[in-house]
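A.B. asks: This is the structure, below, for whatever I ask next.
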Amino acid sequence: MWRRTARGVVLRPTHSDTVLLLEASARVLWEVLERELTLDEVVQALAEVYDTTATSVREDIEGALARLEDAGVLARVGA
Amino acid sequence: MSVHPPLLRSVAAHGLPGASSAWPELALDDAAWHRLLSGVRAQRLSGLLAAAVASGALPVTAAQEEEAASAHFEAVCGNLLIEASAVHLLARLEEAGVHARVLKGSAVAHLDYPDPSLRLFADLDLVVPSEQFGDAVATLAAAGHHRLSAEPRPGFDRRFSKGASFCTDEGLEVDLHRTFVMGPFGLRIRLEDLWESCSTFELGGRTVEALDSEVRFLHACFHAALGDKVARLVPQRDVAQMLLSGRLDLARVHDLMTAWQAEPVVARAVTMTWSTFGLADITALSDWARRFRATPRQDADLDVYLDPEGGYAEMSIAALRALPSLRQRAAFVYALAFFARRSTATSRWRRAAQAARRTVGVR
């Protein structure tokens, strides 16, 4: 469950009392994830938003996706 | 004429096509800003305030922008807590075989607004079929929800009442409904129409049911027209939001309101909303509402809800008139008489208990 606010995207996992606030690039990442995408597609989308190369954002994105997955607000689907 | 200040109404109408607005040219001074913020919090409009600030419609200072963002953030966190509870409770009800739908709040936010963060709510409202009301009450109690007022008499809830309110130890309020309002207009609703079809939305990875669009609109009209003696702004915004979306099947709205004898309710909700927000757009329904004239009997039924001096007794007498059979009327009167005797006994016991506590305190 999540909402957009001026401070960022507020997330609340269903099975936790934690509230997560996604700001700046994490917020943009969340908006991109509204569609079901592969990792490469996510990396490409963020690289375009920030006008940089896929290589330079890939590591940060992988870290952010792992944290969102650990928090239970993101699920990996398929192989 | 609306009792709400023009600027507060502008916030409530932000983003509606054709709404007349009273935005200031410069940021408000501190006193005016805090009056506005207080009204926004009381009316649960911080989502629309944040949107008005973000769009530049309402000029603000940096400090005011931060306060607006803070108010919205707090409200959003509260709403997500309510929705997390809704997911758990709906699962418990489903396990118990109870068919429950989200009545307003979260459902309207997700289904009728372009962004759910615009529409805030204070509690969880669920509707269940009358015949499952008892099972739903038992499920809520088993899940740790305390009922706020007792059922007047066994069976009263599923036959005559609007519903029941519950609270958790953490302060989360859940309103369990079987119909929209108490009194005559509530008793005339054909409850089977609430279950004919549904809308759905995603909540925490779960698909949950809500009333279908037209029934949801009629509920918004009941809430706006009869929900409070002084009409709140959010229900009126809901009415405008749904009607101006152009997605309603107006022929079905007409059929349902006629079958429920709810024309005075819909007419009042729509005319009041159009006046509150100064809406320029004329829809077929707003045009009908403007021309609608209630009969003396319909006016009397509306007065039961709107009279500042009106109370439970007036509502009960009016409800009695709405019951179709003598047998139902007799059951209603018997249940209320029983309730009145028990209420008196309870209040006497409470007074005695308070007196005892005071005595202990003096010692």
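In the structure tokens, the first chain shown is A, the next is B, and so on; residue numbers restart at 1 for each chain, and ligands run from 1 in the order shown.
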From a DSSP calculation on the backbone, collect every residue of chain A in helix (DSSP H, G or I) and output the set as number ranges by chain.

C.D. replies: A: 24-32, 39-49, 54-70

A.B. asks: Given the selection you just returned, output its residues as a file containing N, CA and C atoms, formatted as a short mmCIF file (atom, residue, chain, number, x, y, z; two decimals), in the first residue's frame.

C.D. replies:
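The resulting file, selection_13.cif, is reproduced below:
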data_model
loop_
_atom_site.label_atom_id
_atom_site.label_comp_id
_atom_site.auth_asym_id
_atom_site.auth_seq_id
_atom_site.Cartn_x
_atom_site.Cartn_y
_atom_site.Cartn_z
N ALA A 24 13.49 11.38 -3.60
CA ALA A 24 14.42 11.62 -4.72
C ALA A 24 14.41 10.46 -5.73
N SER A 25 15.58 9.84 -5.98
CA SER A 25 15.65 8.83 -7.04
C SER A 25 14.86 7.56 -6.68
N ALA A 26 14.75 7.27 -5.37
CA ALA A 26 13.96 6.10 -4.96
C ALA A 26 12.49 6.29 -5.34
N ARG A 27 12.04 7.54 -5.23
CA ARG A 27 10.67 7.87 -5.61
C ARG A 27 10.47 7.65 -7.11
N VAL A 28 11.44 8.11 -7.89
CA VAL A 28 11.35 7.94 -9.34
C VAL A 28 11.36 6.45 -9.69
N LEU A 29 12.21 5.69 -8.98
CA LEU A 29 12.27 4.25 -9.19
C LEU A 29 10.90 3.61 -8.94
N TRP A 30 10.24 4.03 -7.87
CA TRP A 30 8.93 3.47 -7.53
C TRP A 30 7.91 3.76 -8.63
N GLU A 31 7.95 4.98 -9.14
CA GLU A 31 7.00 5.35 -10.21
C GLU A 31 7.24 4.49 -11.45
N VAL A 32 8.54 4.25 -11.74
CA VAL A 32 8.88 3.42 -12.90
C VAL A 32 8.35 1.99 -12.71
N LEU A 39 14.81 -6.12 -14.98
CA LEU A 39 15.85 -5.28 -14.38
C LEU A 39 16.48 -4.37 -15.43
N ASP A 40 16.77 -4.93 -16.59
CA ASP A 40 17.40 -4.13 -17.65
C ASP A 40 16.50 -2.95 -18.05
N GLU A 41 15.21 -3.23 -18.13
CA GLU A 41 14.27 -2.15 -18.51
C GLU A 41 14.21 -1.06 -17.44
N VAL A 42 14.25 -1.48 -16.16
CA VAL A 42 14.24 -0.51 -15.06
C VAL A 42 15.51 0.36 -15.14
N VAL A 43 16.63 -0.29 -15.32
CA VAL A 43 17.92 0.42 -15.40
C VAL A 43 17.89 1.42 -16.56
N GLN A 44 17.40 0.97 -17.69
CA GLN A 44 17.34 1.84 -18.87
C GLN A 44 16.43 3.05 -18.62
N ALA A 45 15.27 2.79 -17.99
CA ALA A 45 14.31 3.88 -17.72
C ALA A 45 14.93 4.93 -16.80
N LEU A 46 15.58 4.48 -15.73
CA LEU A 46 16.19 5.42 -14.78
C LEU A 46 17.36 6.18 -15.43
N ALA A 47 18.13 5.47 -16.24
CA ALA A 47 19.25 6.12 -16.92
C ALA A 47 18.75 7.25 -17.82
N GLU A 48 17.61 7.01 -18.47
CA GLU A 48 17.03 8.05 -19.34
C GLU A 48 16.54 9.23 -18.52
N VAL A 49 15.88 8.93 -17.38
CA VAL A 49 15.38 10.01 -16.54
C VAL A 49 16.53 10.91 -16.09
N ALA A 54 23.50 3.44 -18.39
CA ALA A 54 22.93 2.34 -17.62
C ALA A 54 23.94 1.81 -16.62
N THR A 55 25.19 1.76 -17.02
CA THR A 55 26.24 1.21 -16.14
C THR A 55 26.34 2.01 -14.84
N SER A 56 26.22 3.32 -14.94
CA SER A 56 26.43 4.16 -13.76
C SER A 56 25.27 4.07 -12.75
N VAL A 57 24.08 3.66 -13.17
CA VAL A 57 22.96 3.60 -12.22
C VAL A 57 22.62 2.16 -11.81
N ARG A 58 23.16 1.19 -12.53
CA ARG A 58 22.74 -0.21 -12.32
C ARG A 58 22.95 -0.67 -10.87
N GLU A 59 24.15 -0.39 -10.32
CA GLU A 59 24.46 -0.89 -8.97
C GLU A 59 23.52 -0.28 -7.93
N ASP A 60 23.27 1.03 -8.04
CA ASP A 60 22.36 1.70 -7.09
C ASP A 60 20.95 1.12 -7.19
N ILE A 61 20.53 0.85 -8.42
CA ILE A 61 19.17 0.34 -8.62
C ILE A 61 19.05 -1.08 -8.05
N GLU A 62 20.05 -1.89 -8.28
CA GLU A 62 20.00 -3.26 -7.74
C GLU A 62 19.92 -3.22 -6.21
N GLY A 63 20.67 -2.32 -5.59
CA GLY A 63 20.63 -2.18 -4.13
C GLY A 63 19.26 -1.73 -3.65
N ALA A 64 18.69 -0.75 -4.35
CA ALA A 64 17.39 -0.22 -3.95
C ALA A 64 16.29 -1.28 -4.12
N LEU A 65 16.37 -2.03 -5.21
CA LEU A 65 15.37 -3.09 -5.45
C LEU A 65 15.46 -4.16 -4.37
N ALA A 66 16.69 -4.49 -3.96
CA ALA A 66 16.88 -5.51 -2.92
C ALA A 66 16.27 -5.03 -1.60
N ARG A 67 16.46 -3.74 -1.29
CA ARG A 67 15.92 -3.21 -0.03
C ARG A 67 14.39 -3.21 -0.07
N LEU A 68 13.81 -2.85 -1.21
CA LEU A 68 12.35 -2.85 -1.33
C LEU A 68 11.80 -4.28 -1.24
N GLU A 69 12.55 -5.23 -1.81
CA GLU A 69 12.13 -6.63 -1.75
C GLU A 69 12.19 -7.13 -0.30
N ASP A 70 13.26 -6.78 0.41
CA ASP A 70 13.40 -7.17 1.82
C ASP A 70 12.27 -6.60 2.66
#

A.B. asks: Using only C-alpha atoms, find which residues of chain B lie within 12 Å of chain A and jot them down as a short mmCIF file (atom, residue, chain, number, x, y, z; two decimals) with C-alpha atoms, in the first residue's frame.

C.D. replies:
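What landed in result-v3.cif:
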data_model
loop_
_atom_site.label_atom_id
_atom_site.label_comp_id
_atom_site.auth_asym_id
_atom_site.auth_seq_id
_atom_site.Cartn_x
_atom_site.Cartn_y
_atom_site.Cartn_z
CA SER B 46 -4.89 17.86 3.35
CA GLY B 47 -4.52 15.85 0.12
CA LEU B 48 -6.32 18.53 -1.88
CA LEU B 49 -4.44 21.28 -0.02
CA ALA B 50 -1.12 19.65 -0.95
CA ALA B 51 -2.29 19.42 -4.57
CA ALA B 52 -3.39 23.08 -4.58
CA VAL B 53 0.01 24.11 -3.19
CA ALA B 54 1.93 21.90 -5.66
CA SER B 55 -0.02 23.27 -8.62
CA GLU B 65 4.48 24.60 2.23
CA GLU B 66 6.24 22.49 4.86
CA GLU B 67 3.19 22.57 7.16
CA ALA B 68 0.89 21.55 4.30
CA ALA B 69 3.23 18.67 3.40
CA SER B 70 3.44 17.63 7.04
CA ALA B 71 -0.36 17.58 7.48
CA HIS B 72 -0.72 15.45 4.35
CA PHE B 73 2.08 13.07 5.34
CA GLU B 74 0.50 12.45 8.76
CA ALA B 75 -2.92 11.84 7.23
CA VAL B 76 -1.50 9.48 4.60
CA CYS B 77 0.33 7.42 7.25
CA GLY B 78 -2.97 7.10 9.14
CA ASN B 79 -4.80 6.03 5.99
CA LEU B 80 -2.22 3.35 5.20
CA LEU B 81 -2.62 2.00 8.74
CA ILE B 82 -6.39 1.81 8.20
CA GLU B 83 -5.90 0.04 4.87
CA ALA B 84 -3.46 -2.47 6.41
CA SER B 85 -6.11 -3.23 9.04
CA ALA B 86 -8.73 -3.50 6.30
CA VAL B 87 -6.71 -6.17 4.51
CA HIS B 88 -6.44 -8.27 7.68
CA LEU B 89 -10.08 -7.78 8.65
CA SER B 106 -10.54 3.78 0.82
CA ALA B 109 -10.10 7.13 -2.88
CA HIS B 110 -8.93 4.30 -5.15
CA PRO B 114 -7.15 10.26 -10.04
CA ASP B 115 -4.77 9.70 -7.12
CA PRO B 116 -5.91 8.07 -3.84
CA SER B 117 -3.69 10.43 -1.85
CA LEU B 118 -6.18 13.21 -2.62
CA ARG B 119 -9.05 11.55 -0.72
CA LEU B 120 -8.41 10.99 2.99
CA PHE B 201 -9.63 -2.45 -6.38
CA GLU B 202 -6.25 -3.67 -5.16
CA LEU B 203 -5.28 -3.28 -1.53
CA GLY B 204 -2.02 -4.75 -0.29
CA GLY B 205 -1.92 -7.30 -3.09
CA ARG B 206 -5.50 -8.37 -2.45
#

A.B. asks: Could you work out how far atom CA of B:Glu192 lies from atom CA of B:Pro235, giving the answer in Å with one decimal?

C.D. replies: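 Those two atoms sit 23.6 Å apart.
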
A.B. asks: I need the residues in chain A that are strand (DSSP E) according to DSSP; give them as a short mmCIF file (atom, residue, chain, number, x, y, z; two decimals) with C-alpha atoms, in the first residue's frame.

C.D. replies:
data_model
loop_
_atom_site.label_atom_id
_atom_site.label_comp_id
_atom_site.auth_asym_id
_atom_site.auth_seq_id
_atom_site.Cartn_x
_atom_site.Cartn_y
_atom_site.Cartn_z
CA TRP A 2 1.39 3.37 -0.88
CA ARG A 3 0.60 7.02 -1.51
CA ARG A 4 2.28 9.95 -3.21
CA THR A 5 3.03 12.98 -1.02
CA GLY A 8 7.96 11.41 -1.31
CA VAL A 9 6.18 8.10 -1.78
CA VAL A 10 4.93 6.63 1.51
CA LEU A 11 4.86 2.83 1.61
CA LEU A 20 8.91 3.66 4.32
CA LEU A 21 9.43 7.05 2.72
CA LEU A 22 10.94 6.98 -0.77
#
